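*Asks:* The structure under discussion is supplied below as structure tokens; questions concerning it will follow.
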Amino acid sequence: MSYQINETHDPNLRSWVESANDPNTDFPIQNLPYGIFKRSDSEEDFRIGVAIGDQILDLEKCDKANLLPGVAGSAVRLNFPGNINRLMWLGQHAWATLRQRLSWLLREDRADIQLNKKLVRKILLPAAEAEVAVPANIGDYTDFYASVYHATNIGKMFRPDNPLMPNYKWVPIGYHGRASSIVVSGTPVRRPIGQTKDDNAEAPTFGPSKVLDYELEVGFFVGGGNDQGKPIKITEAEDHIFGLCLVNDWSARDIQRWEYQPLGPFLSKSFATTISPWIVTMEALAPFRAPAFKRPAGDPEPLPYLDSPENRERGGFDINLEVLISTEQMREKGIAPHRLSRSNTQDLYWTFAQMLTHHTSNGCNLRPGDLMASGTVSGATKDSRGCLIELTERGAEPINLPTGEVRRFLQDGDEGILRGYCEREGFRRIGFGECRGVVLPVSV
């Protein structure tokens, strides 16, 4: 099943939550992303909510106020206490029914709700007064390597004559990440310690990473999973994707360089992965679909199990991405974050459906709440490179910041900020919120 554009995408819809009508908000009524939250500094349990403007709609309290009848209420009730795994498991009919009901409840013409001040105070919480958390119980995390520009740029640094491995254009490359160290946006990230080896050294040393990097990625959450031994067909793959988020797969490049052969990344990645707190649903993204990456002449076509007419025509997404940095000195001086790069998910060589299909092609079973990420999203130009090792050519071309500071890689106190949004003529702009984290020094 492929989501179609419907009345919930109408660009003329307005909400009685006035901040949702701001043209610059990431969370208009046409978005309605899911997350979990509680009131800051409270002993409350986390519960499921929807971001709307600068507010959070409390779905548990909506249900208790009898605002979510039928399937919509059942879908919410199954997720007490708060995580979204059971909603993910329910599938597209439940997702679409709940979205339709929430859109209707939040529309401007629902004056009966807006004028009921007591009800509004009960079901809305200002986002500034809320604490958010990782929205799902993530059992497994897989990170792909789906940007051919990123793979080529990295390959040129280490294999100038043969930057891409021979399998790259045939198979979506990925590795199994560490689910336990996935954290929500705003969580500080401690600089990792590890084993590294300089080119001229006789032996490796153990100490803090000196080459810490961010990676600009987009992740997707698995909805309904599959039984072990039963692969998911490419034509059914998107039925199993609940929604998307932003991902920063922090990377210690010096640790990675020493450890990655022959089995790939390990401790250079597992210390932290940051995700944005709001899951933008596949239905919300329906107006922003795009064709799959157009392969240059001479590139092989995907093998049949990774190919379908629909995937070719609309398997991609038009999501604008950007990375910003805010150093400790910039924050002290009140200087706004400095943008480092911009890119777009249309530059991914493999679609999310292809990633999911390949992941299950050997019979691997996926479960609701599993997270998969795209790998660094880089484009064809230097200003669209999604990590510092690419932007600075392994540190040879440092970046000059507004304070006069220079960066080759991240220093303690630096904050990495990822943003993503979709905009297209005839539709309302929607966004993903921010995915951010400050680098803390090594723990003593």
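Every chain in the structure tokens has a letter given in the order shown (A, B, ...), and although residue numbers restart at 1 in each chain, ligands are simply numbered from 1 in the order shown.
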Write out, as JSON lines, each residue of stretch 212-310 of chain A that has an atom at most 7 Å from stretch 385-401 of chain A, together with the closest pair of atoms and their distance in Å to one decimal, counting only C-alpha atoms, rows going by chain and rising number.

*Replies:*
{"residue": "A:Asp213", "atom": "CA", "partner": "A:Leu388", "partner_atom": "CA", "distance": 6.0}
{"residue": "A:Tyr214", "atom": "CA", "partner": "A:Cys387", "partner_atom": "CA", "distance": 5.7}
{"residue": "A:Glu215", "atom": "CA", "partner": "A:Cys387", "partner_atom": "CA", "distance": 5.0}
{"residue": "A:Leu216", "atom": "CA", "partner": "A:Gly386", "partner_atom": "CA", "distance": 5.1}

*Asks:* As an MDAnalysis selection string, please: every residue in stretch 19-236 of chain A that a backbone DSSP assignment puts in strand (DSSP E or B).

*Replies:* chainID A and resid 34:39 47:52 55:58 107 124:126 130:133 141:144 147 174:176 182:184 189:190 193:196 205:208 212:213 216:222

*Asks:* Find the residue from A:Gly437, A:Pro208, A:Gly53, A:Pro126 that sits nearest to A:Lys38; use only C-alpha atoms when measuring.

*Replies:*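 Closest to A:Lys38, using only C-alpha atoms: A:Pro126.
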
*Asks:* For A:Ala136, which residue among A:Leu371, A:Leu68, A:Val148, A:Ile173 is the nearest when counting only C-alpha atoms?

*Replies:*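 Residue with the minimum atom-to-atom distance to A:Ala136: A:Leu371.
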
*Asks:* Mind giving me the straight-line distance from atom CA of A:Phe158 to atom CA of A:Ser251 in Å, one decimal?

*Replies:*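 Those two atoms sit 16.9 Å apart.
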
*Asks:* For A:Asn248, find every residue with an atom within 10 Å (counting only C-alpha atoms), except residues of its own chain fewer than 5 positions away, and show them as a ChimeraX atom specification.

*Replies:* /A:182-183,185,213-219,272-276,323,373,375-376,387,416-418,435-437

*Asks:* Give me, as a tab-separated table, each residue of stretch 13-112 of chain A that comes within 9 Å of stretch 230-244 of chain A, together with its shortest interatomic pair and the distance in Å at one decimal, counting only C-alpha atoms, with rows ordered by chain and rising residue number.

*Replies:*
residue	atom	partner	partner_atom	distance
A:Pro33	CA	A:Gly243	CA	8.6
A:Met88	CA	A:Phe242	CA	6.1
A:Trp89	CA	A:Phe242	CA	8.9
A:Gly91	CA	A:Asp239	CA	7.5
A:Gln92	CA	A:Asp239	CA	7.0
A:Trp95	CA	A:Phe242	CA	8.5

*Asks:* Deliver the residues from the most recent selection as a file, using C-alpha atoms, as a CSV table (one decimal), in the first residue's frame.

*Replies:*
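Once everything was written out, this is result.csv:
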chain,number,residue,atom,x,y,z
A,33,PRO,CA,4.5,13.6,14.3
A,88,MET,CA,3.8,0.8,15.2
A,89,TRP,CA,2.6,-2.8,15.3
A,91,GLY,CA,-0.4,-1.1,10.9
A,92,GLN,CA,-1.5,1.3,8.3
A,95,TRP,CA,-2.2,4.8,11.7

*Asks:* Between A:Thr97, A:Ser15, A:Ser40, A:Asn162, which residue has the minimum interatomic distance to A:Ala130, considering only C-alpha atoms?

*Replies:*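 When distances to A:Ala130 are compared using only C-alpha atoms, the smallest one comes from A:Ser40.
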